[in-house]
Amino acid sequence: MKDKKARFETKKSEALMARAVGLMPGGVNSPVRAFRSVGGTPLFIAEGKGSRVVDADNNIYIDYLGSWGPLILGHSPAVVRAALRRQIERGTSFGAPTENEVVLAEMIIDAVPSIEKVRLVNSGTEATMSAVRLARAFTGRNKIVKFDGCYHGHVDSLLVKAGSGVATLGLPDSPGVASDCVHTLSIPYNDEDALIKVFELHKSEIAAVIVEPIPGNMGAVLPARGFLEQLRKITKKHETLLIFDEVISGFRISRGGAQERFKVKPDLTCLGKVVGGGLPIGAYGGRKEIMKMVAPEGPVYQAGTLSGNPVAVTAGIAALKAIAKPDVYGVLEEKTALLVDGLRKAASAAGVEVVINSIGSMFTVFFTSSPVKDFQSAKTSDTARYANFFHALLEKGVYFPPSQFETCFVSLAHTKSDISTTLKAARTAFNMIAGH
Ligand code: HOZ
């Protein structure tokens, strides 16, 4: 990465956005990155290395977006680059099985406690879509229970009271999915009473409960003590499948994801870009008895030319090998604790009320005084304050997600010096918010 100029100027990003808006809806290929809820022009990223990204105007930022989570090793790690180079020499897509698919499947099954058999797909959305279809086929039931503010990709039946971009833009449930929605029941996260009630009302109709065991799409939210266990208990009792959407928490919270950390085994698990080292991939897997219903072993159809694509699979193997080394998660947590502790102190010194939710290497700064335990409480955060905080950090070279309802991620590439630079920027940002 070359020496970049220090001045904060965004003329090239602005010019690119002016071209983009006429070509793509909102100028982007995914809504949150349009900066709609924080205002201003999205930065067009030209390069990423380690903990940093560089935009089209050559501004450098310490990045806590991390491509929305999968970059545990940071941007463009040498091991992944080398593996990709080797694969690209051999070919990029065959539409036929490869040895590396077997290797990646073995690695996933070895790491994730509940996965006995796995199918690779192309995205987290494809994984949740397929898992829901499979759950319906396995149980012979139709209804799906989800939680308000949890986001499972843009699958029709799961775009109900969803987090991430849907929450960011303050959209009601998306038009165009009405007929499927009648089978989706959304209840508050961490609410055991609501869970009991939904089963009282619909017990024998519920095919599956799908949940982000650690929600990351209403900002980071932690499961209350016993909540995941209660979920497991009630789903087992009613012979409903429990699906963990670990697109964010898989390999991020621990090698075996949230299910390993909380020792709760779902029936099916969905994984995303993390198993491709940040390249486009997804996976769903679970008990053999359920997975054997997937075609061609069983009748539940799901397919794709690029499923198990050799490029993404190769990157995934290299990344997962690198994070299988001892103490990766200890180091990540130490760095995150240092940062989060510093952020809390900086906010308090400036007299700004914040709640910072943090687990593993995930965290979110909410501008509220009440605990954030579900979507309702996440929405008490002052999003205008978040927008000011976001822009103040950006000007100081620190890139947080451009929405209150997303999560910051710390990678192994973040250094102590990155963290102290971030804290210095945060002190300025909090003081600016407090009007000092
Ligand atoms: N839904 C993604 C974050 N949870 C955002 C994807 C993107 O805009 O790139």
# chains A, B, ... in the order shown; residues from 1 in each chain; ligands from 1
$ residues_around --residues "Arg36 of chain A" --least-positions-apart "5" --cutoff "10 Å" --atoms "only C-alpha atoms" --output "list in words"
Gly26, Pro31, Thr41, Pro42, Gly165, Thr168, Leu169, Pro402 and Ser403 of chain A
$ closest_atom_pairs --of "chain A" --to "ligand 1" --cutoff "10 Å" --atoms "only C-alpha atoms and all ligand atoms" --output "CSV"
residue,atom,partner,partner_atom_place_in_ligand_line,distance
A:Val28,CA,ligand 1,8 (O),8.4
A:Asn29,CA,ligand 1,8 (O),7.3
A:Ser30,CA,ligand 1,8 (O),4.3
A:Pro31,CA,ligand 1,8 (O),5.5
A:Val32,CA,ligand 1,8 (O),4.6
A:Arg33,CA,ligand 1,8 (O),4.7
A:Ala34,CA,ligand 1,8 (O),7.9
A:Phe35,CA,ligand 1,8 (O),9.7
A:Leu65,CA,ligand 1,3 (C),9.2
A:Ser67,CA,ligand 1,9 (O),6.9
A:Trp68,CA,ligand 1,3 (C),5.5
A:Gly69,CA,ligand 1,4 (N),8.4
A:Gly124,CA,ligand 1,1 (N),9.8
A:Thr125,CA,ligand 1,1 (N),9.8
A:Cys150,CA,ligand 1,4 (N),9.8
A:Tyr151,CA,ligand 1,4 (N),7.5
A:His152,CA,ligand 1,1 (N),8.6
A:Gly153,CA,ligand 1,1 (N),6.8
A:His154,CA,ligand 1,1 (N),8.7
A:Gly163,CA,ligand 1,4 (N),8.0
A:Ser164,CA,ligand 1,4 (N),5.1
A:Gly165,CA,ligand 1,1 (N),5.9
A:Val166,CA,ligand 1,1 (N),8.7
A:Thr168,CA,ligand 1,1 (N),9.9
A:Gly216,CA,ligand 1,4 (N),7.1
A:Asn217,CA,ligand 1,4 (N),5.4
A:Met218,CA,ligand 1,4 (N),8.8
A:Gly219,CA,ligand 1,4 (N),9.1
A:Val247,CA,ligand 1,4 (N),9.4
A:Ile248,CA,ligand 1,4 (N),8.2
A:Pro401,CA,ligand 1,3 (C),8.8
A:Pro402,CA,ligand 1,8 (O),9.4
A:Ser403,CA,ligand 1,3 (C),9.4
A:Phe405,CA,ligand 1,4 (N),8.4
A:Glu406,CA,ligand 1,4 (N),6.0
A:Thr407,CA,ligand 1,4 (N),7.7
$ residues_around --residues "Ile253 of chain A" --least-positions-apart "5" --cutoff "9 Å" --atoms "only C-alpha atoms" --output "list in words"
Ile248, Ala258, Glu260, Arg261, Tyr329, Ile359, Gly360, Ser361 and Met362 of chain A
$ select_by_dssp --residues "segment 84-136 of chain A" --states "strand (DSSP E or B)" --output "PyMOL selection string"
chain A and resi 117-121
$ write_last_selection --atoms "all heavy atoms" --output "short mmCIF file (atom, residue, chain, number, x, y, z; two decimals), in the first residue's frame"
data_model
loop_
_atom_site.label_atom_id
_atom_site.label_comp_id
_atom_site.auth_asym_id
_atom_site.auth_seq_id
_atom_site.Cartn_x
_atom_site.Cartn_y
_atom_site.Cartn_z
N LYS A 117 -23.46 -33.05 8.08
CA LYS A 117 -23.42 -33.07 6.62
C LYS A 117 -23.70 -31.65 6.16
O LYS A 117 -24.52 -30.95 6.77
CB LYS A 117 -24.50 -34.02 6.09
CG LYS A 117 -24.03 -34.83 4.93
CD LYS A 117 -24.99 -35.94 4.59
CE LYS A 117 -24.19 -37.06 3.91
NZ LYS A 117 -25.04 -38.10 3.40
N VAL A 118 -23.05 -31.22 5.08
CA VAL A 118 -23.14 -29.81 4.69
C VAL A 118 -23.34 -29.68 3.19
O VAL A 118 -22.89 -30.53 2.42
CB VAL A 118 -21.87 -29.06 5.19
CG1 VAL A 118 -20.62 -29.49 4.45
CG2 VAL A 118 -22.03 -27.54 5.12
N ARG A 119 -24.01 -28.61 2.77
CA ARG A 119 -24.13 -28.28 1.34
C ARG A 119 -23.59 -26.86 1.17
O ARG A 119 -24.00 -25.93 1.88
CB ARG A 119 -25.61 -28.37 0.93
CG ARG A 119 -26.02 -27.77 -0.41
CD ARG A 119 -25.38 -28.34 -1.65
NE ARG A 119 -25.56 -29.74 -1.97
CZ ARG A 119 -26.59 -30.26 -2.65
NH1 ARG A 119 -27.58 -29.50 -3.05
NH2 ARG A 119 -26.61 -31.55 -2.93
N LEU A 120 -22.67 -26.69 0.22
CA LEU A 120 -22.12 -25.35 -0.06
C LEU A 120 -23.00 -24.65 -1.08
O LEU A 120 -23.43 -25.25 -2.07
CB LEU A 120 -20.69 -25.46 -0.61
CG LEU A 120 -19.67 -26.14 0.30
CD1 LEU A 120 -18.29 -26.18 -0.37
CD2 LEU A 120 -19.56 -25.43 1.65
N VAL A 121 -23.26 -23.37 -0.84
CA VAL A 121 -24.04 -22.54 -1.76
C VAL A 121 -23.25 -21.25 -2.00
O VAL A 121 -22.04 -21.22 -1.78
CB VAL A 121 -25.47 -22.29 -1.19
CG1 VAL A 121 -26.29 -23.56 -1.19
CG2 VAL A 121 -25.41 -21.70 0.23
#
$ residues_around --residues "Gly351 of chain A" --least-positions-apart "3" --cutoff "12 Å" --atoms "only C-alpha atoms" --output "PyMOL selection string"
chain A and resi 344-348+354+367+369+427+429-436
$ write_last_selection --atoms "C-alpha atoms" --output "PDB file, in the first residue's frame"
ATOM      1  CA  ARG A 344     -16.815   3.511  27.157  1.00  0.00           C
ATOM      2  CA  LYS A 345     -14.307   5.691  28.993  1.00  0.00           C
ATOM      3  CA  ALA A 346     -14.177   8.215  26.145  1.00  0.00           C
ATOM      4  CA  ALA A 347     -17.979   8.504  26.035  1.00  0.00           C
ATOM      5  CA  SER A 348     -18.221   8.885  29.773  1.00  0.00           C
ATOM      6  CA  VAL A 354     -23.910   5.164  25.332  1.00  0.00           C
ATOM      7  CA  PHE A 367     -26.593   6.200  21.778  1.00  0.00           C
ATOM      8  CA  SER A 369     -29.224   4.976  28.229  1.00  0.00           C
ATOM      9  CA  ARG A 427     -12.618  11.099  22.006  1.00  0.00           C
ATOM     10  CA  ALA A 429     -16.127  12.462  18.085  1.00  0.00           C
ATOM     11  CA  PHE A 430     -17.764  12.116  21.510  1.00  0.00           C
ATOM     12  CA  ASN A 431     -16.656  15.652  22.482  1.00  0.00           C
ATOM     13  CA  MET A 432     -18.084  17.000  19.246  1.00  0.00           C
ATOM     14  CA  ILE A 433     -21.401  15.240  19.977  1.00  0.00           C
ATOM     15  CA  ALA A 434     -21.444  16.635  23.504  1.00  0.00           C
ATOM     16  CA  GLY A 435     -20.868  20.120  22.038  1.00  0.00           C
ATOM     17  CA  HIS A 436     -17.509  20.626  23.807  1.00  0.00           C
TER      18      HIS A 436
END
$ closest_atom_pairs --of "segment 75-183 of chain A" --to "segment 304-313 of chain A" --cutoff "9 Å" --atoms "only C-alpha atoms" --output "Markdown table"
| residue | atom | partner | partner_atom | distance |
| --- | --- | --- | --- | --- |
| A:Ala83 | CA | A:Val311 | CA | 8.9 |
| A:Leu84 | CA | A:Val311 | CA | 6.5 |
| A:Gln87 | CA | A:Val311 | CA | 6.4 |
| A:Ile88 | CA | A:Val311 | CA | 7.1 |
| A:Gly91 | CA | A:Pro310 | CA | 8.0 |
| A:Thr92 | CA | A:Val311 | CA | 5.9 |
| A:Ser93 | CA | A:Asn309 | CA | 6.0 |
| A:Phe94 | CA | A:Asn309 | CA | 7.9 |
| A:Gly95 | CA | A:Thr305 | CA | 5.2 |
| A:Ala96 | CA | A:Thr305 | CA | 8.4 |
| A:Pro97 | CA | A:Gly308 | CA | 8.0 |
| A:Thr98 | CA | A:Pro310 | CA | 7.3 |
| A:Asn100 | CA | A:Val313 | CA | 6.6 |
| A:Glu101 | CA | A:Gly308 | CA | 6.0 |
| A:Val103 | CA | A:Val313 | CA | 8.9 |
| A:Leu104 | CA | A:Val313 | CA | 6.7 |
| A:Arg119 | CA | A:Gly308 | CA | 8.4 |
| A:Leu120 | CA | A:Gly308 | CA | 5.3 |
| A:Val121 | CA | A:Ser307 | CA | 4.5 |
| A:Asn122 | CA | A:Ser307 | CA | 5.6 |
$ write_last_selection --atoms "N, CA, C and O atoms" --output "PDB file, in the first residue's frame"
ATOM      1  N   ALA A  83      -3.129 -18.697  -2.011  1.00  0.00           N
ATOM      2  CA  ALA A  83      -4.004 -19.819  -2.385  1.00  0.00           C
ATOM      3  C   ALA A  83      -4.825 -19.444  -3.627  1.00  0.00           C
ATOM      4  O   ALA A  83      -5.010 -20.265  -4.530  1.00  0.00           O
ATOM      5  N   LEU A  84      -5.290 -18.209  -3.656  1.00  0.00           N
ATOM      6  CA  LEU A  84      -6.093 -17.765  -4.807  1.00  0.00           C
ATOM      7  C   LEU A  84      -5.267 -17.774  -6.089  1.00  0.00           C
ATOM      8  O   LEU A  84      -5.743 -18.202  -7.143  1.00  0.00           O
ATOM      9  N   GLN A  87      -5.013 -21.213  -7.394  1.00  0.00           N
ATOM     10  CA  GLN A  87      -6.267 -21.731  -7.957  1.00  0.00           C
ATOM     11  C   GLN A  87      -6.578 -21.077  -9.304  1.00  0.00           C
ATOM     12  O   GLN A  87      -7.036 -21.759 -10.228  1.00  0.00           O
ATOM     13  N   ILE A  88      -6.328 -19.790  -9.394  1.00  0.00           N
ATOM     14  CA  ILE A  88      -6.675 -19.078 -10.634  1.00  0.00           C
ATOM     15  C   ILE A  88      -5.879 -19.623 -11.822  1.00  0.00           C
ATOM     16  O   ILE A  88      -6.384 -19.718 -12.940  1.00  0.00           O
ATOM     17  N   GLY A  91      -7.939 -22.731 -12.966  1.00  0.00           N
ATOM     18  CA  GLY A  91      -9.315 -22.617 -13.463  1.00  0.00           C
ATOM     19  C   GLY A  91     -10.212 -22.029 -12.396  1.00  0.00           C
ATOM     20  O   GLY A  91      -9.924 -22.139 -11.201  1.00  0.00           O
ATOM     21  N   THR A  92     -11.310 -21.415 -12.833  1.00  0.00           N
ATOM     22  CA  THR A  92     -12.131 -20.664 -11.881  1.00  0.00           C
ATOM     23  C   THR A  92     -13.513 -21.265 -11.644  1.00  0.00           C
ATOM     24  O   THR A  92     -14.168 -20.924 -10.657  1.00  0.00           O
ATOM     25  N   SER A  93     -13.999 -22.098 -12.542  1.00  0.00           N
ATOM     26  CA  SER A  93     -15.308 -22.719 -12.333  1.00  0.00           C
ATOM     27  C   SER A  93     -15.442 -23.921 -13.256  1.00  0.00           C
ATOM     28  O   SER A  93     -15.145 -23.820 -14.452  1.00  0.00           O
ATOM     29  N   PHE A  94     -15.874 -25.041 -12.693  1.00  0.00           N
ATOM     30  CA  PHE A  94     -15.973 -26.249 -13.510  1.00  0.00           C
ATOM     31  C   PHE A  94     -17.405 -26.797 -13.572  1.00  0.00           C
ATOM     32  O   PHE A  94     -17.720 -27.592 -14.442  1.00  0.00           O
ATOM     33  N   GLY A  95     -18.225 -26.437 -12.611  1.00  0.00           N
ATOM     34  CA  GLY A  95     -19.558 -27.048 -12.556  1.00  0.00           C
ATOM     35  C   GLY A  95     -19.462 -28.550 -12.357  1.00  0.00           C
ATOM     36  O   GLY A  95     -20.325 -29.327 -12.790  1.00  0.00           O
ATOM     37  N   ALA A  96     -18.396 -28.969 -11.674  1.00  0.00           N
ATOM     38  CA  ALA A  96     -18.161 -30.400 -11.396  1.00  0.00           C
ATOM     39  C   ALA A  96     -17.463 -30.469 -10.039  1.00  0.00           C
ATOM     40  O   ALA A  96     -16.875 -29.478  -9.609  1.00  0.00           O
ATOM     41  N   PRO A  97     -17.539 -31.618  -9.371  1.00  0.00           N
ATOM     42  CA  PRO A  97     -16.927 -31.693  -8.032  1.00  0.00           C
ATOM     43  C   PRO A  97     -15.414 -31.470  -8.063  1.00  0.00           C
ATOM     44  O   PRO A  97     -14.747 -31.781  -9.063  1.00  0.00           O
ATOM     45  N   THR A  98     -14.884 -30.923  -6.978  1.00  0.00           N
ATOM     46  CA  THR A  98     -13.433 -30.764  -6.838  1.00  0.00           C
ATOM     47  C   THR A  98     -12.998 -31.307  -5.474  1.00  0.00           C
ATOM     48  O   THR A  98     -13.808 -31.361  -4.532  1.00  0.00           O
ATOM     49  N   ASN A 100     -11.122 -29.863  -3.337  1.00  0.00           N
ATOM     50  CA  ASN A 100     -11.173 -28.835  -2.289  1.00  0.00           C
ATOM     51  C   ASN A 100     -12.558 -28.690  -1.644  1.00  0.00           C
ATOM     52  O   ASN A 100     -12.656 -28.273  -0.492  1.00  0.00           O
ATOM     53  N   GLU A 101     -13.609 -29.013  -2.380  1.00  0.00           N
ATOM     54  CA  GLU A 101     -14.947 -28.988  -1.759  1.00  0.00           C
ATOM     55  C   GLU A 101     -15.011 -30.009  -0.624  1.00  0.00           C
ATOM     56  O   GLU A 101     -15.624 -29.761   0.417  1.00  0.00           O
ATOM     57  N   VAL A 103     -12.452 -31.051   1.103  1.00  0.00           N
ATOM     58  CA  VAL A 103     -11.604 -30.544   2.194  1.00  0.00           C
ATOM     59  C   VAL A 103     -12.367 -29.495   3.013  1.00  0.00           C
ATOM     60  O   VAL A 103     -12.397 -29.548   4.252  1.00  0.00           O
ATOM     61  N   LEU A 104     -13.025 -28.553   2.327  1.00  0.00           N
ATOM     62  CA  LEU A 104     -13.751 -27.500   3.065  1.00  0.00           C
ATOM     63  C   LEU A 104     -14.918 -28.104   3.853  1.00  0.00           C
ATOM     64  O   LEU A 104     -15.148 -27.729   5.015  1.00  0.00           O
ATOM     65  N   ARG A 119     -24.007 -28.613   2.765  1.00  0.00           N
ATOM     66  CA  ARG A 119     -24.130 -28.279   1.335  1.00  0.00           C
ATOM     67  C   ARG A 119     -23.592 -26.856   1.165  1.00  0.00           C
ATOM     68  O   ARG A 119     -24.002 -25.934   1.876  1.00  0.00           O
ATOM     69  N   LEU A 120     -22.669 -26.686   0.225  1.00  0.00           N
ATOM     70  CA  LEU A 120     -22.121 -25.354  -0.063  1.00  0.00           C
ATOM     71  C   LEU A 120     -22.999 -24.648  -1.083  1.00  0.00           C
ATOM     72  O   LEU A 120     -23.429 -25.253  -2.073  1.00  0.00           O
ATOM     73  N   VAL A 121     -23.263 -23.375  -0.839  1.00  0.00           N
ATOM     74  CA  VAL A 121     -24.043 -22.541  -1.756  1.00  0.00           C
ATOM     75  C   VAL A 121     -23.250 -21.248  -2.000  1.00  0.00           C
ATOM     76  O   VAL A 121     -22.039 -21.219  -1.775  1.00  0.00           O
ATOM     77  N   ASN A 122     -23.919 -20.197  -2.462  1.00  0.00           N
ATOM     78  CA  ASN A 122     -23.169 -18.999  -2.862  1.00  0.00           C
ATOM     79  C   ASN A 122     -23.278 -17.796  -1.943  1.00  0.00           C
ATOM     80  O   ASN A 122     -22.561 -16.814  -2.128  1.00  0.00           O
TER      81      ASN A 122
END
$ select_by_dssp --residues "segment 59-189 of chain A" --states "alpha helix (DSSP H)" --output "VMD selection string"
chain A and resid 78 to 90 99 to 111 124 to 139 164 to 168 178 to 181
$ write_last_selection --atoms "C-alpha atoms" --output "short mmCIF file (atom, residue, chain, number, x, y, z; two decimals), in the first residue's frame"
data_model
loop_
_atom_site.label_atom_id
_atom_site.label_comp_id
_atom_site.auth_asym_id
_atom_site.auth_seq_id
_atom_site.Cartn_x
_atom_site.Cartn_y
_atom_site.Cartn_z
CA ALA A 78 -1.02 -13.25 2.28
CA VAL A 79 -2.16 -16.86 2.83
CA VAL A 80 -5.45 -16.26 1.03
CA ARG A 81 -3.78 -14.33 -1.80
CA ALA A 82 -1.28 -17.14 -2.36
CA ALA A 83 -4.00 -19.82 -2.39
CA LEU A 84 -6.09 -17.76 -4.81
CA ARG A 85 -3.15 -17.26 -7.16
CA ARG A 86 -2.59 -21.02 -7.30
CA GLN A 87 -6.27 -21.73 -7.96
CA ILE A 88 -6.67 -19.08 -10.63
CA GLU A 89 -3.86 -20.71 -12.62
CA ARG A 90 -5.87 -23.95 -12.57
CA GLU A 99 -11.18 -32.18 -4.11
CA ASN A 100 -11.17 -28.83 -2.29
CA GLU A 101 -14.95 -28.99 -1.76
CA VAL A 102 -14.37 -32.20 0.18
CA VAL A 103 -11.60 -30.54 2.19
CA LEU A 104 -13.75 -27.50 3.07
CA ALA A 105 -16.74 -29.71 3.97
CA GLU A 106 -14.47 -31.72 6.30
CA MET A 107 -13.20 -28.51 7.92
CA ILE A 108 -16.73 -27.17 8.50
CA ILE A 109 -18.01 -30.49 9.90
CA ASP A 110 -14.97 -30.74 12.14
CA ALA A 111 -15.44 -27.21 13.52
CA GLY A 124 -25.89 -16.51 3.34
CA THR A 125 -29.25 -15.69 1.75
CA GLU A 126 -29.11 -18.88 -0.29
CA ALA A 127 -28.21 -20.84 2.83
CA THR A 128 -31.18 -19.57 4.89
CA MET A 129 -33.56 -19.92 1.94
CA SER A 130 -32.52 -23.55 1.47
CA ALA A 131 -32.57 -24.33 5.20
CA VAL A 132 -36.14 -23.06 5.49
CA ARG A 133 -37.24 -25.15 2.50
CA LEU A 134 -35.58 -28.20 4.02
CA ALA A 135 -37.17 -27.60 7.42
CA ARG A 136 -40.61 -27.39 5.82
CA ALA A 137 -40.02 -30.58 3.87
CA PHE A 138 -38.66 -32.46 6.89
CA THR A 139 -41.49 -31.49 9.24
CA SER A 164 -29.81 -4.71 8.68
CA GLY A 165 -30.79 -2.63 5.62
CA VAL A 166 -34.51 -3.07 6.25
CA ALA A 167 -34.08 -1.55 9.72
CA THR A 168 -31.58 1.02 8.48
CA ALA A 178 -46.95 -10.80 0.79
CA SER A 179 -48.18 -14.26 -0.03
CA ASP A 180 -45.26 -15.96 1.70
CA CYS A 181 -45.37 -13.70 4.76
#
$ residues_around --residues "Lys237 of chain A" --least-positions-apart "6" --cutoff "12 Å" --atoms "only C-alpha atoms" --output "list in words"
Ile196, Phe199, Glu200, Lys203, Ser204, Ile206, Gln230 and Leu231 of chain A
$ write_last_selection --atoms "C-alpha atoms" --output "compact mmCIF listing (two decimals), in the first residue's frame"
# COMPACT_ATOMS: atom_id res chain seq x y z
CA ILE A 196 -44.06 -19.79 24.77
CA PHE A 199 -45.96 -22.18 20.41
CA GLU A 200 -49.22 -22.25 22.37
CA LYS A 203 -47.43 -25.50 17.90
CA SER A 204 -48.10 -28.21 15.35
CA ILE A 206 -44.29 -24.49 13.10
CA GLN A 230 -35.04 -22.29 26.18
CA LEU A 231 -35.25 -22.10 22.39
$ residues_around --residues "Gly27 of chain A" --least-positions-apart "5" --cutoff "10 Å" --atoms "only C-alpha atoms" --output "mmCIF file with C-alpha atoms, in the first residue's frame"
data_model
loop_
_atom_site.group_PDB
_atom_site.id
_atom_site.type_symbol
_atom_site.label_atom_id
_atom_site.label_comp_id
_atom_site.auth_asym_id
_atom_site.auth_seq_id
_atom_site.Cartn_x
_atom_site.Cartn_y
_atom_site.Cartn_z
ATOM 1 C CA LEU A 16 -18.376 7.869 -8.933
ATOM 2 C CA MET A 17 -21.652 8.065 -6.986
ATOM 3 C CA ALA A 18 -22.997 10.606 -9.504
ATOM 4 C CA ARG A 19 -22.295 8.068 -12.273
ATOM 5 C CA ALA A 20 -23.600 5.138 -10.220
ATOM 6 C CA VAL A 21 -27.038 6.562 -9.321
ATOM 7 C CA GLY A 22 -28.151 6.521 -12.946
ATOM 8 C CA ARG A 33 -23.657 0.875 1.793
ATOM 9 C CA ALA A 34 -25.521 3.843 0.236
ATOM 10 C CA PRO A 42 -20.649 6.537 0.163
#
$ decode --residues "segment 261-268 of chain A" --atoms "all heavy atoms" --output "PDB file, in the first residue's frame"
ATOM      1  N   ARG A 261     -19.889 -21.774  21.703  1.00  0.00           N
ATOM      2  CA  ARG A 261     -19.717 -20.907  22.864  1.00  0.00           C
ATOM      3  C   ARG A 261     -20.835 -21.109  23.895  1.00  0.00           C
ATOM      4  O   ARG A 261     -20.599 -21.163  25.090  1.00  0.00           O
ATOM      5  CB  ARG A 261     -19.696 -19.457  22.399  1.00  0.00           C
ATOM      6  CG  ARG A 261     -19.506 -18.486  23.531  1.00  0.00           C
ATOM      7  CD  ARG A 261     -18.792 -17.275  23.047  1.00  0.00           C
ATOM      8  NE  ARG A 261     -18.652 -16.286  24.088  1.00  0.00           N
ATOM      9  CZ  ARG A 261     -17.710 -15.382  24.069  1.00  0.00           C
ATOM     10  NH1 ARG A 261     -16.840 -15.344  23.099  1.00  0.00           N
ATOM     11  NH2 ARG A 261     -17.637 -14.490  25.020  1.00  0.00           N
ATOM     12  N   PHE A 262     -22.085 -21.218  23.407  1.00  0.00           N
ATOM     13  CA  PHE A 262     -23.209 -21.344  24.340  1.00  0.00           C
ATOM     14  C   PHE A 262     -23.648 -22.791  24.561  1.00  0.00           C
ATOM     15  O   PHE A 262     -24.604 -23.049  25.286  1.00  0.00           O
ATOM     16  CB  PHE A 262     -24.393 -20.495  23.849  1.00  0.00           C
ATOM     17  CG  PHE A 262     -24.111 -19.020  23.945  1.00  0.00           C
ATOM     18  CD1 PHE A 262     -23.752 -18.290  22.825  1.00  0.00           C
ATOM     19  CD2 PHE A 262     -24.154 -18.371  25.167  1.00  0.00           C
ATOM     20  CE1 PHE A 262     -23.466 -16.934  22.915  1.00  0.00           C
ATOM     21  CE2 PHE A 262     -23.870 -17.021  25.280  1.00  0.00           C
ATOM     22  CZ  PHE A 262     -23.519 -16.295  24.144  1.00  0.00           C
ATOM     23  N   LYS A 263     -22.971 -23.703  23.881  1.00  0.00           N
ATOM     24  CA  LYS A 263     -23.253 -25.141  24.043  1.00  0.00           C
ATOM     25  C   LYS A 263     -24.726 -25.474  23.802  1.00  0.00           C
ATOM     26  O   LYS A 263     -25.358 -26.204  24.567  1.00  0.00           O
ATOM     27  CB  LYS A 263     -22.815 -25.632  25.430  1.00  0.00           C
ATOM     28  CG  LYS A 263     -21.330 -25.454  25.671  1.00  0.00           C
ATOM     29  CD  LYS A 263     -20.872 -26.086  26.959  1.00  0.00           C
ATOM     30  CE  LYS A 263     -19.378 -26.013  27.134  1.00  0.00           C
ATOM     31  NZ  LYS A 263     -18.758 -24.714  26.866  1.00  0.00           N
ATOM     32  N   VAL A 264     -25.260 -24.902  22.737  1.00  0.00           N
ATOM     33  CA  VAL A 264     -26.626 -25.230  22.324  1.00  0.00           C
ATOM     34  C   VAL A 264     -26.542 -25.702  20.877  1.00  0.00           C
ATOM     35  O   VAL A 264     -26.056 -24.977  20.013  1.00  0.00           O
ATOM     36  CB  VAL A 264     -27.557 -24.000  22.433  1.00  0.00           C
ATOM     37  CG1 VAL A 264     -28.941 -24.323  21.866  1.00  0.00           C
ATOM     38  CG2 VAL A 264     -27.676 -23.543  23.881  1.00  0.00           C
ATOM     39  N   LYS A 265     -27.016 -26.922  20.626  1.00  0.00           N
ATOM     40  CA  LYS A 265     -26.897 -27.489  19.278  1.00  0.00           C
ATOM     41  C   LYS A 265     -28.196 -27.326  18.491  1.00  0.00           C
ATOM     42  O   LYS A 265     -29.210 -27.927  18.848  1.00  0.00           O
ATOM     43  CB  LYS A 265     -26.596 -28.986  19.388  1.00  0.00           C
ATOM     44  CG  LYS A 265     -25.144 -29.344  19.304  1.00  0.00           C
ATOM     45  CD  LYS A 265     -25.088 -30.854  19.224  1.00  0.00           C
ATOM     46  CE  LYS A 265     -23.711 -31.386  18.984  1.00  0.00           C
ATOM     47  NZ  LYS A 265     -23.714 -32.832  18.871  1.00  0.00           N
ATOM     48  N   PRO A 266     -28.168 -26.549  17.412  1.00  0.00           N
ATOM     49  CA  PRO A 266     -29.369 -26.449  16.571  1.00  0.00           C
ATOM     50  C   PRO A 266     -29.490 -27.687  15.684  1.00  0.00           C
ATOM     51  O   PRO A 266     -28.581 -28.519  15.638  1.00  0.00           O
ATOM     52  CB  PRO A 266     -29.073 -25.216  15.721  1.00  0.00           C
ATOM     53  CG  PRO A 266     -27.580 -25.212  15.600  1.00  0.00           C
ATOM     54  CD  PRO A 266     -27.044 -25.786  16.883  1.00  0.00           C
ATOM     55  N   ASP A 267     -30.607 -27.787  14.950  1.00  0.00           N
ATOM     56  CA  ASP A 267     -30.760 -28.889  13.993  1.00  0.00           C
ATOM     57  C   ASP A 267     -30.072 -28.561  12.680  1.00  0.00           C
ATOM     58  O   ASP A 267     -29.511 -29.427  12.028  1.00  0.00           O
ATOM     59  CB  ASP A 267     -32.247 -29.159  13.751  1.00  0.00           C
ATOM     60  CG  ASP A 267     -32.953 -29.537  15.035  1.00  0.00           C
ATOM     61  OD1 ASP A 267     -32.642 -30.609  15.579  1.00  0.00           O
ATOM     62  OD2 ASP A 267     -33.776 -28.736  15.531  1.00  0.00           O
ATOM     63  N   LEU A 268     -30.186 -27.274  12.285  1.00  0.00           N
ATOM     64  CA  LEU A 268     -29.545 -26.821  11.050  1.00  0.00           C
ATOM     65  C   LEU A 268     -28.785 -25.536  11.335  1.00  0.00           C
ATOM     66  O   LEU A 268     -29.196 -24.738  12.190  1.00  0.00           O
ATOM     67  CB  LEU A 268     -30.591 -26.547   9.960  1.00  0.00           C
ATOM     68  CG  LEU A 268     -31.343 -27.745   9.379  1.00  0.00           C
ATOM     69  CD1 LEU A 268     -32.481 -27.274   8.474  1.00  0.00           C
ATOM     70  CD2 LEU A 268     -30.382 -28.653   8.585  1.00  0.00           C
TER      71      LEU A 268
END
